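Chemist: So that we are looking at the same thing, I have put the structure below in structure tokens.
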Amino acid sequence: GDSGLRVVQVTLPDVVFLDLVMPERNGLQVLRKIKQDHPEIKVIVCSSMDDQEVKTKAEALGASAFIQKPFEKQHIEEAIRKVTGEKGIQNHA
């Protein structure tokens, strides 16, 4: 959690994929801090927990999308399109 926040502070990404379970801080704490400091950053929460209460809390804290694990590449692409308004994703790999 803390190391991820440091990366966000330095790189200021457009989109962050954020797991809810991590060391130091949980994902909801990290989400709160990201949105407090950089409300323009889109945050896609990823979790294996299928808990409506957690999803509701994440949305209330500013999550732009929620992806349930396990997920496939198409789910990531759909979430990115949803939060960025992009019609497609260029694969540069």
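By convention here, the chains of the structure tokens are called A, B, ... in the order presented, each chain's residues are numbered starting at 1, and ligands are numbered starting at 1 in the order presented.
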Report the residues of segment 57-89 of chain A whose backbone DSSP state falls under alpha helix (DSSP H), written as number ranges by chain.
Modeler: A: 57-60, 73-84
Chemist: What would the file look like if the residues just selected were written as a short mmCIF file (atom, residue, chain, number, x, y, z; two decimals), in the first residue's frame with all heavy atoms?
Modeler:
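And here is the file that came out, again33.cif:
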```cif
data_model
loop_
_atom_site.label_atom_id
_atom_site.label_comp_id
_atom_site.auth_asym_id
_atom_site.auth_seq_id
_atom_site.Cartn_x
_atom_site.Cartn_y
_atom_site.Cartn_z
N LYS A 57 -18.51 0.70 -0.75
CA LYS A 57 -17.52 1.57 -0.09
C LYS A 57 -16.50 2.08 -1.08
O LYS A 57 -16.13 3.26 -1.05
CB LYS A 57 -16.82 0.81 1.04
CG LYS A 57 -17.63 0.64 2.27
CD LYS A 57 -16.85 -0.10 3.35
CE LYS A 57 -17.69 -0.34 4.58
NZ LYS A 57 -16.98 -1.08 5.61
N ALA A 58 -16.02 1.20 -1.97
CA ALA A 58 -15.04 1.61 -2.97
C ALA A 58 -15.62 2.69 -3.88
O ALA A 58 -14.95 3.69 -4.18
CB ALA A 58 -14.58 0.40 -3.78
N GLU A 59 -16.85 2.51 -4.32
CA GLU A 59 -17.50 3.52 -5.16
C GLU A 59 -17.66 4.83 -4.41
O GLU A 59 -17.44 5.91 -4.97
CB GLU A 59 -18.85 3.01 -5.65
CG GLU A 59 -18.74 1.91 -6.68
CD GLU A 59 -20.08 1.28 -7.03
OE1 GLU A 59 -21.12 1.69 -6.46
OE2 GLU A 59 -20.07 0.37 -7.86
N ALA A 60 -18.04 4.76 -3.14
CA ALA A 60 -18.22 5.97 -2.34
C ALA A 60 -16.91 6.73 -2.16
O ALA A 60 -16.89 7.95 -2.06
CB ALA A 60 -18.81 5.62 -0.98
N LYS A 73 -8.13 -10.72 -19.77
CA LYS A 73 -7.67 -9.50 -20.44
C LYS A 73 -8.85 -8.63 -20.88
O LYS A 73 -8.80 -7.41 -20.74
CB LYS A 73 -6.80 -9.87 -21.63
CG LYS A 73 -6.27 -8.69 -22.40
CD LYS A 73 -5.45 -9.12 -23.60
CE LYS A 73 -5.06 -7.91 -24.42
NZ LYS A 73 -4.37 -8.30 -25.65
N GLN A 74 -9.90 -9.23 -21.40
CA GLN A 74 -11.04 -8.45 -21.88
C GLN A 74 -11.69 -7.65 -20.75
O GLN A 74 -12.20 -6.56 -20.97
CB GLN A 74 -12.07 -9.33 -22.56
CG GLN A 74 -12.93 -10.15 -21.59
CD GLN A 74 -13.89 -11.05 -22.31
OE1 GLN A 74 -13.52 -11.77 -23.22
NE2 GLN A 74 -15.13 -11.03 -21.87
N HIS A 75 -11.68 -8.18 -19.52
CA HIS A 75 -12.26 -7.44 -18.39
C HIS A 75 -11.44 -6.20 -18.09
O HIS A 75 -12.01 -5.14 -17.76
CB HIS A 75 -12.34 -8.33 -17.15
CG HIS A 75 -13.20 -9.53 -17.34
ND1 HIS A 75 -12.79 -10.79 -16.98
CD2 HIS A 75 -14.45 -9.67 -17.87
CE1 HIS A 75 -13.75 -11.65 -17.26
NE2 HIS A 75 -14.76 -10.99 -17.81
N ILE A 76 -10.13 -6.32 -18.20
CA ILE A 76 -9.26 -5.16 -17.97
C ILE A 76 -9.50 -4.12 -19.06
O ILE A 76 -9.65 -2.93 -18.77
CB ILE A 76 -7.78 -5.59 -17.95
CG1 ILE A 76 -7.52 -6.52 -16.76
CG2 ILE A 76 -6.85 -4.38 -17.90
CD1 ILE A 76 -6.18 -7.20 -16.79
N GLU A 77 -9.57 -4.57 -20.30
CA GLU A 77 -9.81 -3.65 -21.41
C GLU A 77 -11.15 -2.93 -21.26
O GLU A 77 -11.24 -1.73 -21.48
CB GLU A 77 -9.75 -4.41 -22.74
CG GLU A 77 -8.36 -4.90 -23.08
CD GLU A 77 -8.32 -5.81 -24.29
OE1 GLU A 77 -9.40 -6.27 -24.74
OE2 GLU A 77 -7.22 -6.07 -24.78
N GLU A 78 -12.18 -3.67 -20.87
CA GLU A 78 -13.50 -3.07 -20.68
C GLU A 78 -13.47 -2.02 -19.56
O GLU A 78 -14.08 -0.95 -19.70
CB GLU A 78 -14.53 -4.15 -20.35
CG GLU A 78 -14.87 -5.03 -21.53
CD GLU A 78 -15.66 -6.27 -21.14
OE1 GLU A 78 -16.05 -6.42 -19.95
OE2 GLU A 78 -15.89 -7.11 -22.02
N ALA A 79 -12.78 -2.32 -18.48
CA ALA A 79 -12.69 -1.37 -17.36
C ALA A 79 -11.94 -0.11 -17.77
O ALA A 79 -12.35 1.00 -17.43
CB ALA A 79 -12.01 -2.03 -16.16
N ILE A 80 -10.87 -0.27 -18.53
CA ILE A 80 -10.11 0.90 -18.99
C ILE A 80 -10.97 1.75 -19.91
O ILE A 80 -11.01 2.97 -19.79
CB ILE A 80 -8.79 0.48 -19.67
CG1 ILE A 80 -7.84 -0.11 -18.63
CG2 ILE A 80 -8.14 1.68 -20.37
CD1 ILE A 80 -6.60 -0.74 -19.22
N ARG A 81 -11.68 1.11 -20.84
CA ARG A 81 -12.58 1.87 -21.73
C ARG A 81 -13.64 2.60 -20.91
O ARG A 81 -13.97 3.76 -21.19
CB ARG A 81 -13.24 0.94 -22.75
CG ARG A 81 -12.36 0.65 -23.95
CD ARG A 81 -13.17 0.01 -25.06
NE ARG A 81 -13.71 -1.28 -24.71
CZ ARG A 81 -13.07 -2.43 -24.83
NH1 ARG A 81 -11.84 -2.46 -25.30
NH2 ARG A 81 -13.64 -3.56 -24.49
N LYS A 82 -14.17 1.94 -19.91
CA LYS A 82 -15.21 2.55 -19.08
C LYS A 82 -14.71 3.82 -18.39
O LYS A 82 -15.38 4.84 -18.39
CB LYS A 82 -15.70 1.56 -18.02
CG LYS A 82 -16.70 2.14 -17.06
CD LYS A 82 -17.09 1.16 -15.98
CE LYS A 82 -18.00 1.84 -14.96
NZ LYS A 82 -18.34 0.95 -13.86
N VAL A 83 -13.51 3.75 -17.82
CA VAL A 83 -13.04 4.88 -17.02
C VAL A 83 -12.38 5.97 -17.85
O VAL A 83 -12.29 7.12 -17.41
CB VAL A 83 -12.10 4.45 -15.87
CG1 VAL A 83 -12.79 3.44 -14.98
CG2 VAL A 83 -10.78 3.92 -16.36
N THR A 84 -11.90 5.63 -19.05
CA THR A 84 -11.21 6.63 -19.86
C THR A 84 -12.04 7.11 -21.04
O THR A 84 -11.70 8.11 -21.66
CB THR A 84 -9.88 6.10 -20.40
OG1 THR A 84 -10.13 5.02 -21.31
CG2 THR A 84 -8.95 5.67 -19.28
#
```
Chemist: Would you list the contacts of segment 21-36 of chain A as an mmCIF file with C-alpha atoms, in the first residue's frame, taking every protein, DNA or RNA residue within 12 Å and counting only C-alpha atoms, but skipping same-chain residues closer than 6 positions in sequence?
Modeler:
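result-v8.cif was written with the following content:
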```cif
data_model
loop_
_atom_site.group_PDB
_atom_site.id
_atom_site.type_symbol
_atom_site.label_atom_id
_atom_site.label_comp_id
_atom_site.auth_asym_id
_atom_site.auth_seq_id
_atom_site.Cartn_x
_atom_site.Cartn_y
_atom_site.Cartn_z
ATOM 1 C CA GLY A 1 0.000 0.000 0.000
ATOM 2 C CA ASP A 2 2.573 2.571 1.050
ATOM 3 C CA SER A 3 4.956 1.752 -1.797
ATOM 4 C CA GLY A 4 2.093 1.987 -4.283
ATOM 5 C CA LEU A 5 1.161 5.412 -2.953
ATOM 6 C CA ARG A 6 4.750 6.558 -3.404
ATOM 7 C CA VAL A 7 4.684 5.407 -7.034
ATOM 8 C CA VAL A 8 1.413 7.253 -7.644
ATOM 9 C CA GLN A 9 2.832 10.451 -6.103
ATOM 10 C CA LEU A 12 0.830 10.566 -11.512
ATOM 11 C CA PRO A 13 -0.718 7.868 -13.718
ATOM 12 C CA ASP A 14 -4.015 8.296 -15.535
ATOM 13 C CA VAL A 15 -5.330 4.955 -14.243
ATOM 14 C CA LYS A 42 -9.094 6.916 -12.255
ATOM 15 C CA VAL A 43 -8.901 3.941 -9.898
ATOM 16 C CA ILE A 44 -10.001 0.457 -10.908
ATOM 17 C CA VAL A 45 -10.382 -1.762 -7.859
ATOM 18 C CA CYS A 46 -9.548 -5.447 -8.275
ATOM 19 C CA SER A 47 -10.570 -8.037 -5.706
ATOM 20 C CA SER A 48 -11.425 -11.675 -5.264
ATOM 21 C CA MET A 49 -14.021 -10.653 -2.682
ATOM 22 C CA GLU A 53 -20.660 -3.690 0.827
ATOM 23 C CA VAL A 54 -16.994 -3.476 -0.198
ATOM 24 C CA LYS A 55 -17.968 -2.470 -3.748
ATOM 25 C CA THR A 56 -20.271 0.214 -2.362
ATOM 26 C CA LYS A 57 -17.523 1.565 -0.086
ATOM 27 C CA ALA A 58 -15.037 1.607 -2.974
ATOM 28 C CA GLU A 59 -17.498 3.522 -5.163
ATOM 29 C CA ALA A 60 -18.220 5.972 -2.338
ATOM 30 C CA LEU A 61 -14.478 6.610 -1.998
ATOM 31 C CA GLY A 62 -14.184 7.347 -5.718
ATOM 32 C CA ALA A 63 -13.410 4.050 -7.446
ATOM 33 C CA SER A 64 -14.150 4.351 -11.146
ATOM 34 C CA ALA A 65 -14.688 0.617 -11.692
#
```
Chemist: Report the distance between atom CA of Leu20 of chain A and atom CA of Glu40 of chain A in Å, rounded to one decimal place.
Modeler: 20.0 Å
Chemist: Return as an MDAnalysis selection string the full set of residues in segment 1-89 of chain A whose backbone-based DSSP assignment is strand (DSSP E).
Modeler: chainID A and resid 15:19 42:47 65:68
Chemist: To one decimal in Å, tell me the separation between atom CA of Leu18 of chain A and atom CA of Asp37 of chain A.
Modeler: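 So the answer is 15.8 Å.
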Chemist: From the list A:Thr11, A:Phe17, A:Phe71, A:Phe66, which residue is nearest Asp51 of chain A when using only C-alpha atoms?
Modeler: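 Of all the options, A:Phe66 lies closest to Asp51 of chain A.
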